[in-house]
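Peer 1: Next up, final-v2.txt (compact mmCIF, C-alpha atoms).
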# COMPACT_ATOMS: atom_id res chain seq x y z
CA MET D 1 -20.70 21.83 -34.77
CA ARG D 2 -18.68 25.02 -34.34
CA TYR D 3 -16.20 24.93 -31.45
CA ALA D 4 -14.23 27.73 -29.85
CA VAL D 5 -11.05 26.64 -28.11
CA VAL D 6 -9.71 29.30 -25.77
CA GLY D 7 -5.93 28.86 -25.62
CA THR D 8 -3.27 27.98 -28.19
CA GLY D 9 -1.06 25.87 -25.90
CA GLU D 10 -0.58 22.13 -26.29
CA VAL D 11 -3.96 21.31 -24.74
CA GLY D 12 -5.82 23.76 -26.98
CA ARG D 13 -4.06 22.68 -30.17
CA THR D 14 -4.56 18.99 -29.38
CA LEU D 15 -8.26 19.37 -28.61
CA GLY D 16 -8.75 21.69 -31.58
CA GLY D 17 -6.96 19.36 -33.97
CA THR D 18 -9.03 16.38 -32.91
CA LEU D 19 -12.26 18.36 -33.21
CA VAL D 20 -11.31 19.28 -36.80
CA GLU D 21 -10.48 15.63 -37.59
CA LEU D 22 -13.92 14.72 -36.27
CA GLY D 23 -15.50 17.07 -38.83
CA HIS D 24 -16.17 20.12 -36.67
CA GLU D 25 -15.28 23.73 -37.41
CA VAL D 26 -12.85 25.07 -34.83
CA ARG D 27 -11.56 28.52 -34.03
CA LEU D 28 -8.59 28.67 -31.68
CA GLY D 29 -8.50 31.84 -29.60
CA SER D 30 -5.45 33.63 -28.23
CA ARG D 31 -4.86 36.79 -26.22
CA THR D 32 -3.73 38.74 -29.28
CA GLN D 33 -4.51 38.56 -32.97
CA GLY D 34 -1.84 36.75 -35.00
CA ASN D 35 -0.54 34.47 -32.28
CA PRO D 36 2.18 32.37 -34.02
CA ALA D 37 1.12 29.04 -32.50
CA GLY D 38 -2.49 29.69 -33.46
CA MET D 39 -1.56 30.78 -36.99
CA LYS D 40 0.59 27.69 -37.55
CA TRP D 41 -2.15 25.44 -36.17
CA ALA D 42 -4.78 27.03 -38.44
CA GLU D 43 -2.56 26.79 -41.53
CA SER D 44 -2.04 23.06 -41.09
CA GLY D 45 -5.64 22.37 -40.11
CA GLY D 46 -7.42 23.00 -43.41
CA ALA D 47 -10.58 24.95 -44.13
CA ALA D 48 -12.32 24.04 -40.88
CA ALA D 49 -9.51 25.46 -38.72
CA SER D 50 -9.20 29.17 -37.99
CA THR D 51 -7.72 31.38 -35.33
CA GLY D 52 -8.39 34.76 -33.78
CA THR D 53 -8.65 36.54 -30.46
CA PHE D 54 -10.38 34.98 -27.47
CA ALA D 55 -13.44 37.07 -28.40
CA ASP D 56 -13.30 36.06 -32.09
CA ALA D 57 -13.20 32.41 -31.09
CA ALA D 58 -15.95 32.63 -28.47
CA ALA D 59 -18.24 34.53 -30.84
CA PHE D 60 -17.68 31.81 -33.45
CA GLY D 61 -18.21 28.75 -31.26
CA GLU D 62 -21.53 27.14 -30.43
CA VAL D 63 -19.56 25.35 -27.71
CA VAL D 64 -16.57 26.92 -25.94
CA VAL D 65 -13.65 24.95 -24.49
CA ASN D 66 -11.43 26.61 -21.90
CA ALA D 67 -7.94 25.26 -22.52
CA VAL D 68 -5.79 27.93 -20.90
CA GLY D 69 -4.24 27.33 -17.50
CA GLY D 70 -6.60 27.49 -14.55
CA ARG D 71 -4.89 30.50 -13.04
CA VAL D 72 -5.53 32.66 -16.12
CA ALA D 73 -8.90 31.17 -17.07
CA LEU D 74 -11.02 34.00 -15.69
CA ALA D 75 -8.94 36.67 -17.44
CA ALA D 76 -9.08 34.79 -20.75
CA LEU D 77 -12.84 34.28 -20.51
CA GLU D 78 -13.38 37.93 -19.55
CA ALA D 79 -11.50 38.81 -22.72
CA ALA D 80 -13.65 36.32 -24.63
CA GLY D 81 -16.67 38.27 -23.42
CA ALA D 82 -19.64 37.22 -21.33
CA ASP D 83 -22.01 37.91 -24.22
CA ASN D 84 -20.13 35.36 -26.31
CA LEU D 85 -20.55 32.71 -23.59
CA ASP D 86 -24.18 33.25 -22.60
CA GLY D 87 -26.26 30.12 -22.93
CA LYS D 88 -23.40 28.10 -24.38
CA VAL D 89 -21.86 24.90 -23.08
CA LEU D 90 -18.49 25.98 -21.63
CA ILE D 91 -16.16 23.03 -21.14
CA ASP D 92 -13.41 23.71 -18.61
CA VAL D 93 -10.49 21.28 -18.90
CA SER D 94 -8.04 23.49 -17.01
CA ASN D 95 -6.12 22.92 -13.83
CA PRO D 96 -4.59 25.56 -11.58
CA MET D 97 -1.15 24.05 -11.09
CA ALA D 98 1.80 26.31 -11.79
CA PHE D 99 5.41 26.76 -10.72
CA GLU D 100 6.01 28.85 -7.62
CA ASP D 101 9.62 29.14 -6.47
CA GLY D 102 10.51 26.10 -8.52
CA GLN D 103 7.72 23.87 -7.19
CA LEU D 104 4.43 22.96 -8.79
CA ARG D 105 1.66 24.25 -6.58
CA LEU D 106 -2.13 24.21 -6.81
CA SER D 107 -4.12 27.40 -6.33
CA PRO D 108 -7.01 27.94 -5.86
CA VAL D 109 -7.58 24.80 -3.84
CA GLU D 110 -10.15 23.21 -1.49
CA SER D 111 -12.26 26.25 -0.60
CA VAL D 112 -13.05 26.92 -4.26
CA SER D 113 -12.09 25.64 -7.72
CA VAL D 114 -11.52 27.13 -11.15
CA GLY D 115 -14.68 25.44 -12.37
CA GLU D 116 -16.75 27.19 -9.71
CA GLN D 117 -15.00 30.51 -10.30
CA ILE D 118 -15.92 30.34 -13.98
CA GLN D 119 -19.54 29.39 -13.29
CA ARG D 120 -19.88 32.27 -10.78
CA ALA D 121 -18.27 34.81 -13.13
CA PHE D 122 -20.41 33.69 -16.09
CA PRO D 123 -23.73 32.60 -14.58
CA HIS D 124 -25.39 32.24 -17.99
CA ALA D 125 -22.73 29.89 -19.35
CA ARG D 126 -23.39 26.17 -18.90
CA VAL D 127 -20.07 25.18 -17.34
CA VAL D 128 -18.93 21.54 -17.34
CA LYS D 129 -15.64 20.58 -15.72
CA THR D 130 -14.03 17.53 -17.30
CA LEU D 131 -10.81 15.93 -18.59
CA ASP D 132 -8.48 17.91 -16.30
CA THR D 133 -7.41 14.62 -14.69
CA VAL D 134 -5.64 13.30 -17.81
CA ASN D 135 -2.91 14.40 -20.20
CA CYS D 136 -4.20 16.00 -23.41
CA GLN D 137 -3.24 12.97 -25.54
CA VAL D 138 -5.35 10.76 -23.29
CA MET D 139 -8.16 13.34 -23.46
CA VAL D 140 -8.58 12.82 -27.21
CA ASN D 141 -7.38 9.22 -27.45
CA PRO D 142 -8.49 7.21 -24.44
CA GLY D 143 -7.30 4.04 -26.18
CA LEU D 144 -3.70 5.05 -25.39
CA VAL D 145 -4.33 3.61 -21.92
CA PRO D 146 -5.69 0.07 -21.45
CA ASP D 147 -9.45 -0.33 -21.10
CA GLY D 148 -11.51 0.53 -18.12
CA HIS D 149 -10.29 3.93 -16.97
CA GLN D 150 -12.66 6.83 -16.50
CA VAL D 151 -12.95 10.59 -16.52
CA PHE D 152 -15.32 12.80 -14.57
CA VAL D 153 -17.88 15.45 -15.42
CA CYS D 154 -19.51 17.90 -13.07
CA GLY D 155 -21.67 20.97 -13.52
CA GLU D 156 -25.05 22.45 -12.77
CA ASP D 157 -26.66 21.80 -16.18
CA VAL D 158 -27.62 18.17 -16.80
CA GLY D 159 -28.15 18.71 -20.52
CA ALA D 160 -24.72 20.29 -20.87
CA LYS D 161 -23.15 17.31 -19.13
CA GLU D 162 -24.90 14.91 -21.51
CA GLN D 163 -23.64 16.95 -24.47
CA VAL D 164 -20.10 16.69 -23.07
CA ARG D 165 -20.52 12.94 -22.55
CA ALA D 166 -21.44 12.67 -26.24
CA LEU D 167 -18.36 14.69 -27.21
CA LEU D 168 -16.18 12.40 -25.09
CA GLY D 169 -17.81 9.55 -27.01
CA GLU D 170 -16.64 11.16 -30.25
CA PHE D 171 -13.14 11.10 -28.75
CA GLY D 172 -13.55 7.32 -28.33
CA ARG D 173 -14.60 7.09 -24.71
CA PRO D 174 -17.60 4.83 -23.97
CA ALA D 175 -20.41 6.63 -22.14
CA ASP D 176 -20.10 4.31 -19.14
CA ARG D 177 -16.52 5.50 -18.59
CA VAL D 178 -17.65 9.02 -17.76
CA ILE D 179 -18.58 9.48 -14.09
CA ASP D 180 -21.00 12.29 -13.26
CA LEU D 181 -19.95 13.71 -9.88
CA GLY D 182 -22.87 16.13 -9.63
CA GLY D 183 -22.75 19.91 -9.37
CA ILE D 184 -19.84 22.18 -10.21
CA ARG D 185 -18.63 22.10 -6.60
CA ALA D 186 -17.09 18.71 -7.40
CA ALA D 187 -14.59 20.59 -9.56
CA ARG D 188 -12.71 20.98 -6.27
CA ALA D 189 -12.31 17.21 -6.03
CA VAL D 190 -11.07 16.70 -9.59
CA GLU D 191 -8.74 19.70 -9.50
CA MET D 192 -7.27 18.37 -6.24
CA LEU D 193 -6.32 15.19 -8.08
CA LEU D 194 -3.55 17.07 -9.86
CA PRO D 195 -0.87 16.60 -7.18
CA LEU D 196 -1.49 12.83 -7.33
CA TRP D 197 -1.36 12.98 -11.13
CA LEU D 198 2.01 14.70 -10.86
CA SER D 199 3.35 12.17 -8.35
CA LEU D 200 2.21 9.33 -10.61
CA TYR D 201 3.78 11.02 -13.63
CA GLN D 202 7.10 11.13 -11.78
CA HIS D 203 6.67 7.52 -10.63
CA ILE D 204 5.65 6.13 -14.05
CA GLY D 205 7.87 8.34 -16.19
CA HIS D 206 5.31 9.25 -18.83
CA ALA D 207 1.82 10.74 -19.05
CA GLU D 208 -0.10 7.90 -20.68
CA PHE D 209 -1.98 6.74 -17.62
CA ASN D 210 -5.34 7.26 -16.00
CA LEU D 211 -7.42 6.06 -13.07
CA GLU D 212 -10.14 3.46 -12.96
CA VAL D 213 -12.66 3.46 -10.15
CA ARG D 214 -13.16 -0.16 -9.12
CA ARG D 215 -16.17 -1.00 -7.00
CA ALA D 216 -17.60 -4.01 -5.24
CA ARG D 217 -21.08 -3.62 -6.74
CA MET G 218 5.07 -8.39 16.20
CA ARG G 219 3.73 -5.93 18.79
CA TYR G 220 1.59 -3.17 17.34
CA ALA G 221 0.33 0.03 18.92
CA VAL G 222 -2.81 1.45 17.37
CA VAL G 223 -3.39 5.08 18.37
CA GLY G 224 -7.14 5.64 18.28
CA THR G 225 -10.16 3.57 19.29
CA GLY G 226 -12.48 4.70 16.50
CA GLU G 227 -13.71 2.46 13.71
CA VAL G 228 -10.41 2.65 11.82
CA GLY G 229 -8.35 1.80 14.89
CA ARG G 230 -10.58 -1.06 16.00
CA THR G 231 -10.71 -2.51 12.48
CA LEU G 232 -6.95 -2.38 11.98
CA GLY G 233 -6.33 -3.63 15.51
CA GLY G 234 -8.75 -6.52 15.12
CA THR G 235 -7.18 -7.65 11.88
CA LEU G 236 -3.68 -7.43 13.34
CA VAL G 237 -4.79 -9.70 16.22
CA GLU G 238 -6.36 -12.16 13.77
CA LEU G 239 -3.04 -12.23 11.92
CA GLY G 240 -1.30 -13.32 15.11
CA HIS G 241 0.13 -10.05 16.34
CA GLU G 242 -0.14 -8.53 19.81
CA VAL G 243 -2.01 -5.24 19.70
CA ARG G 244 -2.54 -2.46 22.21
CA LEU G 245 -5.17 0.09 21.31
CA GLY G 246 -4.47 3.54 22.73
CA SER G 247 -6.98 6.18 23.74
CA ARG G 248 -6.78 9.65 25.23
CA THR G 249 -7.79 8.41 28.66
CA GLN G 250 -7.42 5.14 30.53
CA GLY G 251 -10.58 3.00 30.47
CA ASN G 252 -12.00 4.24 27.18
CA PRO G 253 -15.22 2.19 26.74
CA ALA G 254 -14.67 1.43 23.04
CA GLY G 255 -11.11 0.32 23.76
CA MET G 256 -12.18 -1.81 26.75
CA LYS G 257 -14.90 -3.53 24.75
CA TRP G 258 -12.52 -4.14 21.85
CA ALA G 259 -9.87 -5.63 24.15
CA GLU G 260 -12.38 -7.88 25.94
CA SER G 261 -13.57 -9.42 22.69
CA GLY G 262 -10.07 -9.67 21.21
CA GLY G 263 -8.53 -12.36 23.41
CA ALA G 264 -5.16 -12.49 25.09
CA ALA G 265 -3.31 -10.64 22.32
CA ALA G 266 -5.58 -7.59 22.55
CA SER G 267 -5.12 -4.92 25.20
CA THR G 268 -5.89 -1.27 25.67
CA GLY G 269 -4.43 1.71 27.51
CA THR G 270 -3.52 5.33 27.06
CA PHE G 271 -1.84 6.64 23.91
CA ALA G 272 1.47 6.44 25.84
CA ASP G 273 0.76 2.89 27.11
CA ALA G 274 0.10 1.74 23.57
CA ALA G 275 3.08 3.49 21.98
CA ALA G 276 5.44 2.15 24.66
CA PHE G 277 4.13 -1.37 23.96
CA GLY G 278 4.28 -1.33 20.17
CA GLU G 279 7.31 -2.12 18.03
CA VAL G 280 5.32 -0.50 15.24
CA VAL G 281 2.85 2.37 15.81
CA VAL G 282 -0.22 3.02 13.69
CA ASN G 283 -1.82 6.45 13.80
CA ALA G 284 -5.55 5.86 13.40
CA VAL G 285 -7.00 9.05 14.89
CA GLY G 286 -8.31 11.80 12.63
CA GLY G 287 -5.67 13.84 10.87
CA ARG G 288 -6.63 17.04 12.65
CA VAL G 289 -5.90 15.57 16.09
CA ALA G 290 -2.98 13.37 15.08
CA LEU G 291 -0.23 15.63 16.40
CA ALA G 292 -1.94 16.03 19.77
CA ALA G 293 -2.48 12.28 20.09
CA LEU G 294 1.12 11.49 19.16
CA GLU G 295 2.43 14.17 21.55
CA ALA G 296 0.46 12.39 24.26
CA ALA G 297 1.91 9.08 23.08
CA GLY G 298 5.33 10.57 23.70
CA ALA G 299 8.26 11.16 21.35
CA ASP G 300 10.41 8.72 23.32
CA ASN G 301 7.88 5.97 22.59
CA LEU G 302 8.06 6.69 18.84
CA ASP G 303 11.81 7.12 18.35
CA GLY G 304 13.23 4.75 15.77
CA LYS G 305 9.89 3.01 15.22
CA VAL G 306 7.92 2.64 12.02
CA LEU G 307 4.99 5.03 12.42
CA ILE G 308 2.20 4.27 9.96
CA ASP G 309 -0.12 7.21 9.37
CA VAL G 310 -3.46 6.20 7.85
CA SER G 311 -5.25 9.39 8.83
CA ASN G 312 -6.92 12.05 6.76
CA PRO G 313 -7.71 15.60 7.82
CA MET G 314 -11.32 15.84 6.66
CA ALA G 315 -13.86 17.03 9.20
CA PHE G 316 -17.17 18.81 9.32
CA GLU G 317 -17.07 22.61 9.36
CA ASP G 318 -20.43 24.37 9.31
CA GLY G 319 -22.08 21.20 8.06
CA GLN G 320 -19.64 20.59 5.20
CA LEU G 321 -16.74 18.15 5.03
CA ARG G 322 -13.57 20.17 4.55
CA LEU G 323 -9.91 19.24 4.28
CA SER G 324 -7.32 21.00 6.43
CA PRO G 325 -4.33 21.15 6.30
CA VAL G 326 -4.18 21.01 2.53
CA GLU G 327 -1.71 21.57 -0.35
CA SER G 328 0.99 23.59 1.43
CA VAL G 329 1.53 20.78 3.96
CA SER G 330 0.02 17.43 4.97
CA VAL G 331 -0.60 15.53 8.17
CA GLY G 332 2.06 13.03 7.15
CA GLU G 333 4.68 15.78 6.88
CA GLN G 334 3.53 17.42 10.10
CA ILE G 335 4.03 14.13 11.95
CA GLN G 336 7.46 13.52 10.42
CA ARG G 337 8.57 17.07 11.32
CA ALA G 338 7.26 16.82 14.87
CA PHE G 339 8.84 13.39 15.42
CA PRO G 340 12.03 13.42 13.34
CA HIS G 341 13.27 10.13 14.81
CA ALA G 342 10.09 8.23 13.90
CA ARG G 343 10.09 6.47 10.54
CA VAL G 344 6.80 7.82 9.19
CA VAL G 345 5.00 6.06 6.34
CA LYS G 346 1.77 7.46 4.96
CA THR G 347 -0.54 4.83 3.52
CA LEU G 348 -4.11 3.51 3.25
CA ASP G 349 -5.79 6.89 3.81
CA THR G 350 -7.31 6.63 0.33
CA VAL G 351 -9.58 3.68 1.18
CA ASN G 352 -12.28 2.82 3.69
CA CYS G 353 -11.04 0.82 6.69
CA GLN G 354 -12.76 -2.38 5.52
CA VAL G 355 -10.89 -2.13 2.22
CA MET G 356 -7.68 -1.41 4.14
CA VAL G 357 -7.72 -4.83 5.79
CA ASN G 358 -9.61 -6.76 3.10
CA PRO G 359 -8.60 -5.58 -0.37
CA GLY G 360 -10.51 -8.50 -1.87
CA LEU G 361 -13.77 -6.64 -1.12
CA VAL G 362 -13.07 -4.69 -4.32
CA PRO G 363 -12.38 -6.46 -7.63
CA ASP G 364 -8.75 -7.10 -8.55
CA GLY G 365 -6.25 -4.56 -9.73
CA HIS G 366 -6.70 -1.56 -7.46
CA GLN G 367 -3.79 -0.06 -5.57
CA VAL G 368 -2.81 1.91 -2.51
CA PHE G 369 0.11 4.26 -2.04
CA VAL G 370 3.02 4.52 0.36
CA CYS G 371 5.31 7.47 0.88
CA GLY G 372 7.94 8.37 3.43
CA GLU G 373 11.60 9.16 3.88
CA ASP G 374 12.70 5.72 5.11
CA VAL G 375 12.91 3.07 2.38
CA GLY G 376 13.17 0.19 4.86
CA ALA G 377 10.08 1.40 6.70
CA LYS G 378 8.14 1.51 3.44
CA GLU G 379 9.19 -2.06 2.65
CA GLN G 380 8.03 -3.15 6.10
CA VAL G 381 4.68 -1.49 5.46
CA ARG G 382 4.43 -3.16 2.05
CA ALA G 383 4.92 -6.51 3.81
CA LEU G 384 2.18 -5.65 6.32
CA LEU G 385 -0.16 -4.73 3.48
CA GLY G 386 0.70 -8.16 2.06
CA GLU G 387 -0.47 -9.73 5.33
CA PHE G 388 -3.74 -7.87 4.79
CA GLY G 389 -4.00 -9.65 1.42
CA ARG G 390 -2.66 -7.01 -0.92
CA PRO G 391 -0.10 -8.17 -3.51
CA ALA G 392 3.18 -6.23 -3.35
CA ASP G 393 2.73 -4.94 -6.89
CA ARG G 394 -0.49 -3.20 -5.87
CA VAL G 395 1.35 -0.82 -3.57
CA ILE G 396 2.72 2.25 -5.36
CA ASP G 397 5.68 4.02 -3.76
CA LEU G 398 5.25 7.75 -4.41
CA GLY G 399 8.59 8.71 -2.86
CA GLY G 400 9.19 10.98 0.12
CA ILE G 401 6.70 12.07 2.75
CA ARG G 402 5.85 15.23 0.76
CA ALA G 403 3.64 13.00 -1.42
CA ALA G 404 1.34 12.73 1.60
CA ARG G 405 -0.12 15.99 0.26
CA ALA G 406 -1.17 14.21 -2.93
CA VAL G 407 -2.83 11.25 -1.21
CA GLU G 408 -4.55 13.38 1.43
CA MET G 409 -5.91 15.61 -1.35
CA LEU G 410 -7.62 12.55 -2.83
CA LEU G 411 -10.14 12.63 -0.01
CA PRO G 412 -12.59 15.08 -1.63
CA LEU G 413 -12.71 12.80 -4.70
CA TRP G 414 -13.17 9.78 -2.44
CA LEU G 415 -16.11 11.56 -0.83
CA SER G 416 -17.65 12.51 -4.20
CA LEU G 417 -17.30 8.91 -5.36
CA TYR G 418 -18.82 7.63 -2.12
CA GLN G 419 -21.84 9.83 -2.74
CA HIS G 420 -21.99 8.73 -6.39
CA ILE G 421 -21.59 4.99 -5.70
CA GLY G 422 -23.57 4.84 -2.47
CA HIS G 423 -21.14 2.69 -0.48
CA ALA G 424 -17.47 2.66 0.52
CA GLU G 425 -16.30 -0.57 -1.08
CA PHE G 426 -14.38 0.98 -3.94
CA ASN G 427 -10.83 1.96 -4.77
CA LEU G 428 -8.74 3.32 -7.62
CA GLU G 429 -6.55 1.49 -10.09
CA VAL G 430 -3.81 3.33 -11.92
CA ARG G 431 -3.89 2.11 -15.51
CA ARG G 432 -0.89 2.83 -17.69
CA ALA G 433 0.12 2.38 -21.29
CA ARG G 434 3.44 0.73 -20.45
Written as C-alpha cells, how would this file's structure read?

Peer 2:
Amino acid sequence: MRYAVVGTGEVGRTLGGTLVELGHEVRLGSRTQGNPAGMKWAESGGAAASTGTFADAAAFGEVVVNAVGGRVALAALEAAGADNLDGKVLIDVSNPMAFEDGQLRLSPVESVSVGEQIQRAFPHARVVKTLDTVNCQVMVNPGLVPDGHQVFVCGEDVGAKEQVRALLGEFGRPADRVIDLGGIRAARAVEMLLPLWLSLYQHIGHAEFNLEVRRAR
Amino acid sequence: MRYAVVGTGEVGRTLGGTLVELGHEVRLGSRTQGNPAGMKWAESGGAAASTGTFADAAAFGEVVVNAVGGRVALAALEAAGADNLDGKVLIDVSNPMAFEDGQLRLSPVESVSVGEQIQRAFPHARVVKTLDTVNCQVMVNPGLVPDGHQVFVCGEDVGAKEQVRALLGEFGRPADRVIDLGGIRAARAVEMLLPLWLSLYQHIGHAEFNLEVRRAR
C-alpha cells in the first residue's frame, strides 16, 4: 500500500518508518520541499521511503495519515489539497495541545474537535480518528506496554474504520483491543483525554503507558 | 466519623448509604428542609442516618462530600456555609456534564474545573477531587469491575488526600489503585474524562466499567 504521512515531526517519522518496515511505500510530506528532517528520514529509509511537499505526499498516498499537530492540521491538509484527499482514508492521529504562556492547553475542545473539523473541511475524505491517546512509540509498538490496553477509533465510514483496525493489527495490536466509539463526534472524547495523558506522564515519568477499559461483562 | 453528604440524588444516597453501612454517622443535605428523597433515605438508614439542609449537614460532618452536580456545586456549598467547611476535608465527586439542547455537554471545561472553583471559593476547605470518573455503584463497590482498575485523587492538601485514600480503602479499593495526580488543577483532567466515559457507556451498554492505567515500568 502507498501511504502519505503529513508531517515530518517525531510522530510522522515514527509512523512512516514503521510503515516502511511493514513493506509499504511511504511519502512523508512537509510544508516546503527539501525539509531537512524529511530528507534525512527518506535517505535512511531505503527505496520505499520518499519525501516531498504536503501535496506531493497526499497525491502519492492511497491512504493519508495526518501527523502534524492538531492546531495546524487544517492548514496542512488544505496545502495537501482536497483533490488529493477525496475518497481516501484519512487517519487523524493529532491532538490540539500546545503551549500557551508556558502551559499546555487544549484547543479546540468540547464544542468541536480536530477530527470533526477535518471531516467538515474535507467531506469526501473518509476520516478516522485514532491513536491520539498514546505516545508514538506505543502507536507502532503496543507491546511496549503490558497486555490488555486499548486504543479507540471513530469516524463516519465503517469501512474506513475496519481498514484502520487492520493497519493497527499490522502494528501488532489485536483487533479486540481497538474500541469503535462511533461517529467522528467522539473525537471530542478522545482528544479531551490529552490532559489526563499529560498528568499521567508527569506522574509516571515516561510515556510508555496506556489505558485499558475494564468492564463487568 | 461523621460525614456530611451534600446532595440527595443517586450519588449522594449511594455514598451516604455505604458510609452508614461502614459504621459512620451520615447526614444527607438538601436545598430545603424535608426533601422527600432525603427523608426516605434517612428513614431506611437507621439511627446513624439523618437528613437536613445543606447547612445542617455541613455543620454536622467532620468530612463533607459534594455529591450534587458540578454545575450547581458552588451554589450548594455556598448554602452549606463557608464556616461549616473551614478546615474540613471536602471531597468533590461531581462532574459538570448536563443536557443542553438535548445533548450532554461539559461546562466548565479546560480553562478551569469544578474542583478548582470549589477550592478557590472555599480556600480554608481541604478539597480533594476523586471518584468522578466512575459510576456511583463502582465508587462504593470497586469489585463490580474486574481487578486492576484505578481512580484518581488530586488536591492541594497531602494529608487530606491520604485521608481520602483511606476512605476509598474502606470502600474496598486497594491503596495502590488510587493514583495521586498532584494539585487540584488536575481536576481539569479527570473532569474532561467524562465525555469518554459517556462514549464508553454507550458502547458497552452499562456503567459497570472503569479504566486501568497500564505502564511499561

Peer 1: CA of Asn301 in chain G to CA of Thr249 in chain G: how many Å, to one decimal?

Peer 2: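 If I compute the distance from CA of Asn301 in chain G to CA of Thr249 in chain G, I get 17.0 Å.
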
Peer 1: Could you name the residues that touch Val114 in chain D at 10 Å or less, counting all atoms listed in the file, but leaving out those on the same chain fewer than 2 positions away, as a PyMOL selection string?

Peer 2: chain D and resi 69-74+92-96+107-109+112+116-120+129+184-185+187-188+191

Peer 1: Quick one, how far is CA of Phe122 in chain D from CA of Ala189 in chain D?

Peer 2: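 Atom-to-atom, CA of Phe122 in chain D to CA of Ala189 in chain D, that is 20.9 Å.
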
Peer 1: Can you tell me, as a ChimeraX atom specification, what residues are no more than 12 Å from Gly12 in chain D when counting all atoms listed in the file, ignoring any on the same chain fewer than 3 positions away?

Peer 2: /D:3-9,15-19,26-30,37-38,41-42,51,64-69,91-94,135-137,139-140

Peer 1: Would you list which chain G residues are within 10 Å of chain D using only C-alpha atoms, as a ChimeraX atom specification?

Peer 2: /G:322-328,360-366,396-399,402-434

Peer 1: Calculate how many Å separate CA of Gln163 in chain D from CA of Ala79 in chain D, rounding to one decimal.

Peer 2: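 CA of Ala79 in chain D lies 25.1 Å from CA of Gln163 in chain D.
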
Peer 1: Skipping near chain neighbours, those fewer than 6 positions away, what residues fall within 10 Å of Asp393 in chain G using only C-alpha atoms, listed as a list in words?

Peer 2: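 Contacts, in chain order: Gly365, Gln367, Val368, Arg382 and Gly386 of chain G.
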